[in-house]
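Asker: Have a peek at run.cif (mmCIF, C-alpha atoms and all ligand atoms).
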```cif
data_work
#
loop_
_atom_site.label_atom_id
_atom_site.label_comp_id
_atom_site.auth_asym_id
_atom_site.auth_seq_id
_atom_site.Cartn_x
_atom_site.Cartn_y
_atom_site.Cartn_z
CA MET A 253 112.28 131.60 116.42
CA ASP A 254 113.32 134.76 114.65
CA LEU A 255 109.78 135.72 113.51
CA THR A 256 106.51 136.20 115.39
CA GLU A 257 103.81 133.60 114.82
CA ASP A 258 101.82 135.96 112.59
CA GLU A 259 104.90 136.84 110.52
CA LEU A 260 105.67 133.14 110.12
CA LEU A 261 102.06 132.35 109.13
CA THR A 262 102.13 135.11 106.52
CA ALA A 263 105.35 133.70 105.08
CA ILE A 264 103.93 130.15 105.08
CA ARG A 265 100.76 131.35 103.35
CA ARG A 266 102.94 132.77 100.59
CA VAL A 267 104.62 129.38 100.07
CA LEU A 268 101.22 127.70 99.92
CA SER A 269 99.53 130.30 97.71
CA GLY A 270 97.25 129.27 94.89
CA ALA A 271 94.16 127.37 96.00
CA GLY A 272 93.54 123.96 94.50
CA PRO A 273 90.40 122.87 92.69
CA GLU A 274 87.22 122.71 94.77
CA VAL A 275 88.80 124.76 97.59
CA VAL A 276 86.15 127.22 98.80
CA VAL A 277 88.18 128.75 101.66
CA PRO A 278 91.95 128.12 101.47
CA VAL A 279 94.65 128.32 104.15
CA GLY A 280 94.43 131.43 106.35
CA ASP A 281 90.98 131.34 107.92
CA ASP A 282 89.87 129.54 111.08
CA ALA A 283 89.31 126.40 109.02
CA ALA A 284 89.46 125.41 105.38
CA VAL A 285 86.35 124.69 103.33
CA VAL A 286 86.27 122.36 100.33
CA GLN A 287 83.56 120.94 98.14
CA PRO A 288 83.11 117.21 98.70
CA GLY A 289 83.98 114.98 95.79
CA SER A 290 81.68 112.35 94.35
CA GLY A 291 83.60 109.29 95.57
CA ASP A 292 84.26 107.68 98.93
CA LEU A 293 86.42 109.79 101.24
CA VAL A 294 89.80 108.29 102.25
CA LEU A 295 91.34 109.67 105.46
CA THR A 296 94.77 109.11 106.96
CA THR A 297 97.26 110.76 109.30
CA ASP A 298 100.92 110.18 110.09
CA ALA A 299 103.35 112.08 112.33
CA MET A 300 107.11 112.31 111.95
CA VAL A 301 108.76 112.90 115.32
CA GLU A 302 112.31 114.16 115.80
CA GLY A 303 114.51 111.50 117.39
CA SER A 304 112.01 108.76 116.53
CA HIS A 305 111.48 109.16 112.75
CA PHE A 306 114.25 111.57 111.82
CA VAL A 307 117.42 113.23 113.07
CA ARG A 308 117.28 116.93 112.19
CA ASP A 309 120.92 117.35 111.15
CA MET A 310 120.73 114.26 108.88
CA ILE A 311 117.88 115.33 106.59
CA THR A 312 117.21 118.70 104.98
CA ALA A 313 114.05 120.55 105.98
CA ARG A 314 112.92 120.39 102.35
CA ASP A 315 113.30 116.62 102.16
CA LEU A 316 111.58 116.22 105.54
CA GLY A 317 108.57 118.27 104.42
CA HIS A 318 108.39 116.37 101.15
CA LYS A 319 108.56 113.04 103.00
CA ALA A 320 105.89 114.04 105.56
CA ILE A 321 103.40 114.48 102.69
CA THR A 322 104.61 111.48 100.66
CA VAL A 323 104.24 108.89 103.46
CA ASN A 324 100.59 109.94 103.82
CA VAL A 325 100.06 109.89 100.05
CA SER A 326 101.42 106.33 100.10
CA ASP A 327 98.69 105.26 102.54
CA VAL A 328 95.96 106.83 100.38
CA ALA A 329 97.53 105.14 97.32
CA ALA A 330 97.49 101.77 99.11
CA MET A 331 93.69 102.08 99.31
CA ALA A 332 93.65 102.74 95.52
CA GLY A 333 92.68 106.36 96.27
CA SER A 334 93.80 109.71 94.88
CA PRO A 335 95.14 112.30 97.34
CA ARG A 336 93.16 115.56 97.65
CA TYR A 337 93.76 117.77 100.73
CA ALA A 338 96.47 117.90 103.39
CA LEU A 339 96.56 119.52 106.83
CA CYS A 340 99.77 119.88 108.83
CA ALA A 341 100.12 120.27 112.60
CA LEU A 342 103.71 121.36 113.20
CA THR A 343 105.52 121.46 116.53
CA LEU A 344 108.68 123.58 116.48
CA THR A 345 111.51 123.91 119.00
CA ASP A 346 113.67 126.92 119.89
CA GLU A 347 116.45 125.41 117.76
CA VAL A 348 114.72 125.86 114.40
CA ASP A 349 114.44 129.23 112.69
CA ALA A 350 112.07 130.71 110.12
CA ALA A 351 114.32 129.69 107.20
CA TRP A 352 114.20 126.02 108.26
CA THR A 353 110.42 126.21 108.68
CA MET A 354 109.94 127.83 105.27
CA GLU A 355 112.08 125.11 103.66
CA LEU A 356 109.92 122.48 105.38
CA PHE A 357 106.77 124.05 103.92
CA GLY A 358 108.53 124.37 100.57
CA GLY A 359 109.10 120.61 100.60
CA MET A 360 105.48 119.95 101.54
CA ARG A 361 104.33 122.24 98.73
CA GLU A 362 106.61 120.44 96.27
CA ALA A 363 105.19 117.03 97.24
CA CYS A 364 101.60 118.33 97.08
CA ASP A 365 102.25 119.66 93.57
CA GLU A 366 103.77 116.31 92.54
CA TYR A 367 100.82 114.29 93.82
CA ALA A 368 98.13 116.80 92.78
CA CYS A 369 96.88 117.55 96.29
CA THR A 370 96.57 120.82 98.21
CA LEU A 371 97.83 121.83 101.66
CA ILE A 372 94.81 123.74 102.96
CA GLY A 373 95.58 124.34 106.60
CA GLY A 374 97.42 123.51 109.75
CA ASN A 375 98.62 124.62 113.11
CA LEU A 376 101.88 125.78 114.70
CA ALA A 377 102.91 124.92 118.23
CA ARG A 378 106.09 125.03 120.30
CA GLY A 379 107.40 121.93 122.03
CA ARG A 380 110.42 119.88 123.04
CA ASP A 381 110.84 117.96 119.75
CA VAL A 382 110.07 118.90 116.17
CA THR A 383 106.96 116.99 115.07
CA VAL A 384 105.44 117.14 111.60
CA ALA A 385 101.94 115.64 111.74
CA VAL A 386 100.13 115.50 108.42
CA THR A 387 96.51 114.55 107.83
CA LEU A 388 95.57 113.74 104.27
CA THR A 389 92.23 113.19 102.58
CA GLY A 390 91.79 111.29 99.36
CA GLU A 391 89.06 110.04 97.13
CA VAL A 392 88.21 106.68 95.60
CA ALA A 393 85.28 105.62 93.41
CA PRO A 394 82.35 104.49 95.58
CA GLY A 395 82.95 101.01 96.96
CA ARG A 396 86.33 100.71 95.23
CA ALA A 397 88.75 101.18 98.16
CA LEU A 398 91.20 98.29 98.16
CA THR A 399 91.83 96.91 101.66
CA ARG A 400 94.36 94.50 103.19
CA GLY A 401 91.63 91.98 103.78
CA GLY A 402 90.75 90.43 100.41
CA ALA A 403 93.64 88.07 99.58
CA LEU A 404 92.54 84.57 98.55
CA HIS A 405 94.23 81.17 98.59
CA GLY A 406 95.94 80.79 95.18
CA ASP A 407 96.55 84.51 94.59
CA VAL A 408 100.05 85.56 93.55
CA VAL A 409 101.92 88.11 95.69
CA VAL A 410 103.58 91.00 93.86
CA VAL A 411 105.62 93.99 94.93
CA THR A 412 106.43 97.19 93.03
CA GLY A 413 109.93 98.68 92.70
CA THR A 414 112.77 97.52 94.94
CA LEU A 415 113.12 96.87 98.66
CA GLY A 416 115.60 97.75 101.36
CA ALA A 417 117.21 100.80 99.78
CA ALA A 418 115.76 103.28 102.27
CA ALA A 419 117.17 101.28 105.20
CA ALA A 420 120.49 100.95 103.36
CA GLY A 421 120.50 104.70 102.74
CA TRP A 422 119.99 105.42 106.41
CA ARG A 423 122.80 102.99 107.34
CA ILE A 424 125.16 104.54 104.77
CA LYS A 425 124.38 108.09 105.94
CA GLN A 426 125.36 107.21 109.49
CA LEU A 427 128.75 105.91 108.29
CA ARG A 428 129.50 109.36 106.79
CA GLY A 429 132.12 107.88 104.46
CA ARG A 430 132.89 108.54 100.80
CA LEU A 431 129.81 107.89 98.70
CA ASP A 432 129.46 106.20 95.30
CA ASP A 433 126.45 106.51 92.96
CA GLU A 434 124.68 103.51 94.52
CA ASP A 435 125.17 105.00 98.01
CA LEU A 436 123.58 108.24 96.81
CA ALA A 437 120.70 106.33 95.20
CA ALA A 438 120.06 104.52 98.49
CA ILE A 439 120.20 107.77 100.50
CA ARG A 440 117.79 109.33 98.03
CA ARG A 441 115.37 106.49 98.69
CA ALA A 442 115.55 107.23 102.41
CA ASP A 443 115.15 111.00 102.09
CA ARG A 444 112.83 111.25 99.06
CA PRO A 445 110.50 108.25 98.99
CA VAL A 446 108.06 107.98 96.11
CA ALA A 447 104.39 107.09 96.68
CA ARG A 448 102.97 104.68 94.09
CA VAL A 449 99.64 106.39 93.36
CA GLY A 450 99.24 105.58 89.66
CA GLU A 451 100.72 102.12 90.13
CA ALA A 452 98.14 101.34 92.84
CA GLN A 453 95.32 102.29 90.50
CA VAL A 454 96.69 100.01 87.77
CA LEU A 455 96.85 97.13 90.28
CA ALA A 456 93.27 97.85 91.39
CA ARG A 457 92.00 98.03 87.81
CA HIS A 458 93.51 94.60 87.10
CA GLY A 459 91.59 93.05 89.98
CA ALA A 460 94.04 93.15 92.89
CA THR A 461 92.33 91.43 95.82
CA ALA A 462 94.33 93.12 98.61
CA MET A 463 97.00 95.81 98.93
CA ILE A 464 99.25 97.45 101.53
CA ASP A 465 102.16 99.88 101.30
CA VAL A 466 105.58 98.85 102.64
CA SER A 467 106.14 101.37 105.40
CA ASP A 468 107.59 99.10 108.09
CA GLY A 469 109.21 96.27 106.11
CA LEU A 470 108.16 93.64 103.55
CA SER A 471 107.77 90.71 105.95
CA LEU A 472 105.93 92.76 108.60
CA ASP A 473 103.58 94.47 106.14
CA LEU A 474 102.91 91.24 104.19
CA SER A 475 102.12 89.47 107.47
CA ARG A 476 99.61 92.27 108.25
CA LEU A 477 97.95 91.74 104.86
CA CYS A 478 97.80 87.97 105.47
CA GLU A 479 96.39 88.39 108.94
CA ALA A 480 93.69 90.80 107.70
CA SER A 481 92.81 88.34 104.92
CA GLY A 482 92.90 85.24 107.15
CA VAL A 483 95.48 83.51 104.90
CA GLY A 484 99.19 82.64 104.83
CA ALA A 485 101.85 83.32 102.19
CA ARG A 486 104.92 81.59 100.76
CA VAL A 487 107.70 84.04 99.86
CA ARG A 488 110.47 83.10 97.40
CA ILE A 489 113.49 84.82 98.93
CA ALA A 490 115.53 84.79 95.70
CA ASP A 491 112.76 86.69 93.88
CA LEU A 492 112.69 89.65 96.29
CA PRO A 493 113.86 92.76 94.37
CA ALA A 494 116.79 94.21 96.32
CA GLY A 495 117.40 97.96 96.08
CA PRO A 496 120.86 99.60 95.82
CA HIS A 497 123.25 98.28 98.52
CA ALA A 498 120.40 96.67 100.47
CA LEU A 499 121.43 93.82 102.78
CA PRO A 500 119.16 90.73 102.90
CA GLU A 501 117.70 91.76 106.27
CA GLU A 502 117.02 95.26 104.89
CA VAL A 503 115.19 93.75 101.90
CA LEU A 504 112.99 91.70 104.22
CA GLY A 505 112.45 94.17 107.03
CA GLY A 506 114.07 97.51 106.32
CA GLY A 507 110.97 99.67 106.16
CA GLU A 508 110.26 103.07 104.61
CA ASP A 509 110.31 101.67 101.06
CA TYR A 510 106.75 102.89 100.33
CA GLU A 511 106.41 100.28 97.62
CA LEU A 512 103.13 98.36 97.24
CA ILE A 513 102.49 94.73 98.10
CA ALA A 514 99.41 93.43 96.29
CA THR A 515 97.74 90.11 95.64
CA LEU A 516 96.49 89.28 92.15
CA PRO A 517 94.26 86.42 90.99
CA SER A 518 96.79 84.85 88.59
CA ALA A 519 100.30 84.96 87.12
CA GLU A 520 98.74 86.14 83.83
CA THR A 521 97.25 89.16 85.60
CA ALA A 522 100.65 89.87 87.16
CA ASP A 523 102.20 89.80 83.67
CA ALA A 524 99.60 92.27 82.39
CA VAL A 525 100.18 94.62 85.34
CA ARG A 526 103.96 94.33 84.93
CA ALA A 527 103.73 95.36 81.26
CA GLU A 528 101.50 98.33 82.10
CA LEU A 529 103.65 99.58 85.00
CA ASP A 530 106.76 99.31 82.88
CA GLU A 531 105.15 101.20 80.01
CA ALA A 532 103.45 103.91 82.10
CA PHE A 533 105.91 104.47 84.97
CA GLY A 534 109.10 102.52 84.20
CA VAL A 535 108.54 100.77 87.55
CA PRO A 536 109.25 97.03 87.85
CA LEU A 537 106.80 94.55 89.35
CA SER A 538 108.13 91.37 90.97
CA GLU A 539 106.16 88.21 91.63
CA ILE A 540 107.52 87.12 95.00
CA GLY A 541 105.27 84.28 96.14
CA GLU A 542 101.74 83.04 96.59
CA ILE A 543 98.93 83.06 99.09
CA ASP A 544 98.10 79.73 100.68
CA GLY A 545 95.42 78.55 103.06
CA GLY A 546 97.85 78.43 105.98
CA HIS A 547 98.75 80.88 108.65
CA GLY A 548 101.77 83.21 108.74
CA LEU A 549 104.66 83.44 106.30
CA VAL A 550 106.89 80.68 104.92
CA ALA A 551 110.24 81.54 103.30
CA VAL A 552 111.20 79.41 100.30
CA GLU A 553 114.97 79.58 99.74
CA ALA A 554 116.66 79.27 96.33
CA ASP A 555 117.56 75.61 97.02
CA GLY A 556 113.93 74.75 97.82
CA GLN A 557 114.40 74.66 101.60
CA GLU A 558 111.46 76.10 103.51
CA HIS A 559 111.27 77.67 106.95
CA PRO A 560 108.86 79.90 108.85
CA LEU A 561 109.50 83.59 108.16
CA THR A 562 109.21 85.67 111.31
CA PRO A 563 107.85 89.13 110.47
CA ALA A 564 110.57 91.70 111.10
CA GLY A 565 110.60 95.41 110.58
CA TRP A 566 110.10 98.79 112.10
CA ASP A 567 108.11 98.70 115.36
CA HIS A 568 107.67 102.08 117.08
CA PHE A 569 107.00 100.54 120.44
CA ARG A 570 109.86 98.09 120.68
MG MG B 601 100.21 101.85 105.20
#
```
Output the structure of this file as structure tokens.
Ligand SMILES: [Mg+2]
Answerer:
Amino acid sequence: MDLTEDELLTAIRRVLSGAGPEVVVPVGDDAAVVQPGSGDLVLTTDAMVEGSHFVRDMITARDLGHKAITVNVSDVAAMAGSPRYALCALTLTDEVDAAWTMELFGGMREACDEYACTLIGGNLARGRDVTVAVTLTGEVAPGRALTRGGALHGDVVVVTGTLGAAAAGWRIKQLRGRLDDEDLAAIRRADRPVARVGEAQVLARHGATAMIDVSDGLSLDLSRLCEASGVGARVRIADLPAGPHALPEEVLGGGEDYELIATLPSAETADAVRAELDEAFGVPLSEIGEIDGGHGLVAVEADGQEHPLTPAGWDHFR
């Protein structure tokens, strides 16, 4: 590192300047102090580890910082919450310099500004791999957090946006070939995911019974929702919304899409949500199947053939 810790902290503080609302003591003291909101507190944390979640020469520091915040925002969104405050514990190696670190914080600041939350503190350490661990708080109206556990037999299953593009983007980046517009769109999905905060609140307002964000892959995350709800689901494969250049296995289990899977009480509700998401965000909503009283997932192919759908996706421990 080309700066001392105190010099680096001073520079970081400059990037993060401007306290958010209800911040009593901002970044720079032993701990931050905020005024509690009036709703239920939503808490989440997620670490991005070099070699496991990212390869440092294949993503810019700015994109990495932006993504570290966004993946946490996505988890708060999936509870129908609004993000409020972020903390970042950063482990740096000898190979990164102050410029890289400042870009990382610049990306985190950018994401915080986008999602109306504030980075109020953190910690710097030195280690063998770069690790960006973000803790995020959020707020939801009392009793209104939307869990994975409420899906009911007869509900329809919907998903926002498109699936598989982030996995396709990662695959395309590794090929390092000539890129067309769709390639670039897929890579953008991998490097700059979007958290569906407003979309989640529309789904909740229309009576969604359960919700989860797609961090590890549609089939894996939907199976988690079903398991938490004690139900099964039938998934119409032809209705899955494929992102740019996404292969069928990337649509089903690519991961890192950060779209929302939700269950809604009826097709009419899904139509109402679809109209509102299109109008407010220009984001599509696809009806991809229904909840049944069974166990596990069943794939329904375009020709009507059915077979068990084995959950596939990103598993950190496999
Ligand atoms: Mg999640």
Asker: Enumerate residues in contact with ligand MG 601 (chain B): an atom-to-atom distance of at most 8 Å, counting only C-alpha atoms and all ligand atoms. Format the result as a ChimeraX atom specification.
Answerer: /A:326-327,330,464-467
Asker: Skipping near chain neighbours, those fewer than 5 positions away, what residues fall within 10 Å of A:Pro496 using only C-alpha atoms, listed as a list in words?
Answerer: Thr414, Leu415, Gly416, Ala417, Ala418, Ala420, Gly421, Asp433, Glu434, Asp435, Leu436, Ala437, Ala438, Ile439 and Arg441 of chain A
Asker: Counting all atoms listed in the file, find residues at most 10 Å from (111.2, 79.5, 106.5) (file frame) and give them as a CSV table (one decimal) with C-alpha atoms, keeping the file's coordinate frame.
Answerer:
```csv
chain,number,residue,atom,x,y,z
A,486,ARG,CA,104.9,81.6,100.8
A,487,VAL,CA,107.7,84.0,99.9
A,488,ARG,CA,110.5,83.1,97.4
A,489,ILE,CA,113.5,84.8,98.9
A,549,LEU,CA,104.7,83.4,106.3
A,550,VAL,CA,106.9,80.7,104.9
A,551,ALA,CA,110.2,81.5,103.3
A,552,VAL,CA,111.2,79.4,100.3
A,553,GLU,CA,115.0,79.6,99.7
A,557,GLN,CA,114.4,74.7,101.6
A,558,GLU,CA,111.5,76.1,103.5
A,559,HIS,CA,111.3,77.7,107.0
A,560,PRO,CA,108.9,79.9,108.8
A,561,LEU,CA,109.5,83.6,108.2
A,562,THR,CA,109.2,85.7,111.3
```
Asker: Could you check how far atom CA of A:Ala485 sits from atom CA of A:Gly505, in Å to one decimal?
Answerer: 15.9 Å
Asker: Can you list every residue of stretch 324-428 of chain A that has an atom at most 9 Å from stretch 452-458 of chain A, with its nearest atom pair and the distance in Å to one decimal, using all atoms listed in the file, ordered by chain then number, as JSON lines?
Answerer:
```
{"residue": "A:Ala329", "atom": "CA", "partner": "A:Ala452", "partner_atom": "CA", "distance": 5.9}
{"residue": "A:Ala330", "atom": "CA", "partner": "A:Ala452", "partner_atom": "CA", "distance": 6.3}
{"residue": "A:Met331", "atom": "CA", "partner": "A:Ala452", "partner_atom": "CA", "distance": 7.9}
{"residue": "A:Ala332", "atom": "CA", "partner": "A:Gln453", "partner_atom": "CA", "distance": 5.3}
{"residue": "A:Gly333", "atom": "CA", "partner": "A:Gln453", "partner_atom": "CA", "distance": 7.5}
{"residue": "A:Ser334", "atom": "CA", "partner": "A:Gln453", "partner_atom": "CA", "distance": 8.7}
{"residue": "A:Arg396", "atom": "CA", "partner": "A:Ala456", "partner_atom": "CA", "distance": 8.4}
{"residue": "A:Ala397", "atom": "CA", "partner": "A:Ala456", "partner_atom": "CA", "distance": 8.8}
{"residue": "A:Leu398", "atom": "CA", "partner": "A:Ala456", "partner_atom": "CA", "distance": 7.1}
```
Asker: Between A:Gly429, A:Gly534, A:Pro273, A:Gly506, single out the one closest to A:Thr370, counting only C-alpha atoms.
Answerer: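 Among the listed residues, A:Pro273 lies closest to A:Thr370.
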Asker: Do you know which residues are at most 10 Å from stretch 515-523 of chain A counting all atoms listed in the file, after dropping those on the same chain fewer than 4 positions away, and could you put them as a VMD selection string?
Answerer: chain A and resid 400 402 to 411 455 to 456 458 to 464 477 527 to 529 537 to 539 541 to 543
Asker: For those residues, write C-alpha atoms to a file as a PDB file, in the coordinates of the input.
Answerer:
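To be explicit, this is the file written out as selection-v6.pdb:
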```pdb
ATOM      1  CA  ARG A 400      94.360  94.500 103.190  1.00  0.00           C
ATOM      2  CA  GLY A 402      90.750  90.430 100.410  1.00  0.00           C
ATOM      3  CA  ALA A 403      93.640  88.070  99.580  1.00  0.00           C
ATOM      4  CA  LEU A 404      92.540  84.570  98.550  1.00  0.00           C
ATOM      5  CA  HIS A 405      94.230  81.170  98.590  1.00  0.00           C
ATOM      6  CA  GLY A 406      95.940  80.790  95.180  1.00  0.00           C
ATOM      7  CA  ASP A 407      96.550  84.510  94.590  1.00  0.00           C
ATOM      8  CA  VAL A 408     100.050  85.560  93.550  1.00  0.00           C
ATOM      9  CA  VAL A 409     101.920  88.110  95.690  1.00  0.00           C
ATOM     10  CA  VAL A 410     103.580  91.000  93.860  1.00  0.00           C
ATOM     11  CA  VAL A 411     105.620  93.990  94.930  1.00  0.00           C
ATOM     12  CA  LEU A 455      96.850  97.130  90.280  1.00  0.00           C
ATOM     13  CA  ALA A 456      93.270  97.850  91.390  1.00  0.00           C
ATOM     14  CA  HIS A 458      93.510  94.600  87.100  1.00  0.00           C
ATOM     15  CA  GLY A 459      91.590  93.050  89.980  1.00  0.00           C
ATOM     16  CA  ALA A 460      94.040  93.150  92.890  1.00  0.00           C
ATOM     17  CA  THR A 461      92.330  91.430  95.820  1.00  0.00           C
ATOM     18  CA  ALA A 462      94.330  93.120  98.610  1.00  0.00           C
ATOM     19  CA  MET A 463      97.000  95.810  98.930  1.00  0.00           C
ATOM     20  CA  ILE A 464      99.250  97.450 101.530  1.00  0.00           C
ATOM     21  CA  LEU A 477      97.950  91.740 104.860  1.00  0.00           C
ATOM     22  CA  ALA A 527     103.730  95.360  81.260  1.00  0.00           C
ATOM     23  CA  GLU A 528     101.500  98.330  82.100  1.00  0.00           C
ATOM     24  CA  LEU A 529     103.650  99.580  85.000  1.00  0.00           C
ATOM     25  CA  LEU A 537     106.800  94.550  89.350  1.00  0.00           C
ATOM     26  CA  SER A 538     108.130  91.370  90.970  1.00  0.00           C
ATOM     27  CA  GLU A 539     106.160  88.210  91.630  1.00  0.00           C
ATOM     28  CA  GLY A 541     105.270  84.280  96.140  1.00  0.00           C
ATOM     29  CA  GLU A 542     101.740  83.040  96.590  1.00  0.00           C
ATOM     30  CA  ILE A 543      98.930  83.060  99.090  1.00  0.00           C
TER      31      ILE A 543
END
```
Asker: In file coordinates, which residues lie within 10 Å of (102.3, 109.4, 102.2) using all atoms listed in the file, given as an NGL selection string?
Answerer: :A and (296-298 or 318-330 or 335 or 363 or 367 or 386-388 or 445-449 or 465 or 467 or 510)
Asker: I'd like the contact shell of A:Val267 - 12 Å cut-off, all atoms listed in the file, skipping same-chain residues fewer than 5 positions apart - returned as a short mmCIF file (atom, residue, chain, number, x, y, z; two decimals) with C-alpha atoms, in the frame of the given file.
Answerer:
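Listing of part05.cif after writing:
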```cif
data_model
loop_
_atom_site.label_atom_id
_atom_site.label_comp_id
_atom_site.auth_asym_id
_atom_site.auth_seq_id
_atom_site.Cartn_x
_atom_site.Cartn_y
_atom_site.Cartn_z
CA LEU A 260 105.67 133.14 110.12
CA LEU A 261 102.06 132.35 109.13
CA THR A 262 102.13 135.11 106.52
CA VAL A 279 94.65 128.32 104.15
CA THR A 353 110.42 126.21 108.68
CA MET A 354 109.94 127.83 105.27
CA GLU A 355 112.08 125.11 103.66
CA LEU A 356 109.92 122.48 105.38
CA PHE A 357 106.77 124.05 103.92
CA GLY A 358 108.53 124.37 100.57
CA GLY A 359 109.10 120.61 100.60
CA MET A 360 105.48 119.95 101.54
CA ARG A 361 104.33 122.24 98.73
CA GLU A 362 106.61 120.44 96.27
CA CYS A 364 101.60 118.33 97.08
CA ASP A 365 102.25 119.66 93.57
CA THR A 370 96.57 120.82 98.21
CA LEU A 371 97.83 121.83 101.66
CA ILE A 372 94.81 123.74 102.96
#
```
Asker: What would stretch 356-372 of chain A look like with N, CA and C atoms restored, written as a short mmCIF file (atom, residue, chain, number, x, y, z; two decimals), in the coordinates of the input?
Answerer:
```cif
data_model
loop_
_atom_site.label_atom_id
_atom_site.label_comp_id
_atom_site.auth_asym_id
_atom_site.auth_seq_id
_atom_site.Cartn_x
_atom_site.Cartn_y
_atom_site.Cartn_z
N LEU A 356 110.81 123.61 105.09
CA LEU A 356 109.92 122.48 105.38
C LEU A 356 108.61 122.63 104.59
N PHE A 357 108.02 123.83 104.65
CA PHE A 357 106.77 124.05 103.92
C PHE A 357 107.00 124.00 102.41
N GLY A 358 108.19 124.46 101.99
CA GLY A 358 108.53 124.37 100.57
C GLY A 358 108.53 122.92 100.10
N GLY A 359 109.08 122.04 100.93
CA GLY A 359 109.10 120.61 100.60
C GLY A 359 107.71 120.01 100.57
N MET A 360 106.87 120.45 101.52
CA MET A 360 105.48 119.95 101.54
C MET A 360 104.74 120.43 100.29
N ARG A 361 104.97 121.70 99.93
CA ARG A 361 104.33 122.24 98.73
C ARG A 361 104.76 121.47 97.48
N GLU A 362 106.06 121.18 97.41
CA GLU A 362 106.61 120.44 96.27
C GLU A 362 105.93 119.07 96.13
N ALA A 363 105.82 118.35 97.27
CA ALA A 363 105.19 117.03 97.24
C ALA A 363 103.71 117.14 96.86
N CYS A 364 103.02 118.15 97.41
CA CYS A 364 101.60 118.33 97.08
C CYS A 364 101.44 118.59 95.58
N ASP A 365 102.33 119.40 95.01
CA ASP A 365 102.25 119.66 93.57
C ASP A 365 102.48 118.38 92.78
N GLU A 366 103.46 117.57 93.24
CA GLU A 366 103.77 116.31 92.54
C GLU A 366 102.60 115.35 92.54
N TYR A 367 101.89 115.27 93.69
CA TYR A 367 100.82 114.29 93.82
C TYR A 367 99.44 114.91 93.63
N ALA A 368 99.40 116.13 93.10
CA ALA A 368 98.13 116.80 92.78
C ALA A 368 97.20 116.88 93.98
N CYS A 369 97.74 117.27 95.14
CA CYS A 369 96.88 117.55 96.29
C CYS A 369 97.22 118.95 96.82
N THR A 370 96.43 119.44 97.75
CA THR A 370 96.57 120.82 98.21
C THR A 370 96.68 120.87 99.73
N LEU A 371 97.69 121.61 100.22
CA LEU A 371 97.83 121.83 101.66
C LEU A 371 96.91 122.99 102.01
N ILE A 372 95.84 122.71 102.75
CA ILE A 372 94.81 123.74 102.96
C ILE A 372 94.75 124.26 104.38
#
```
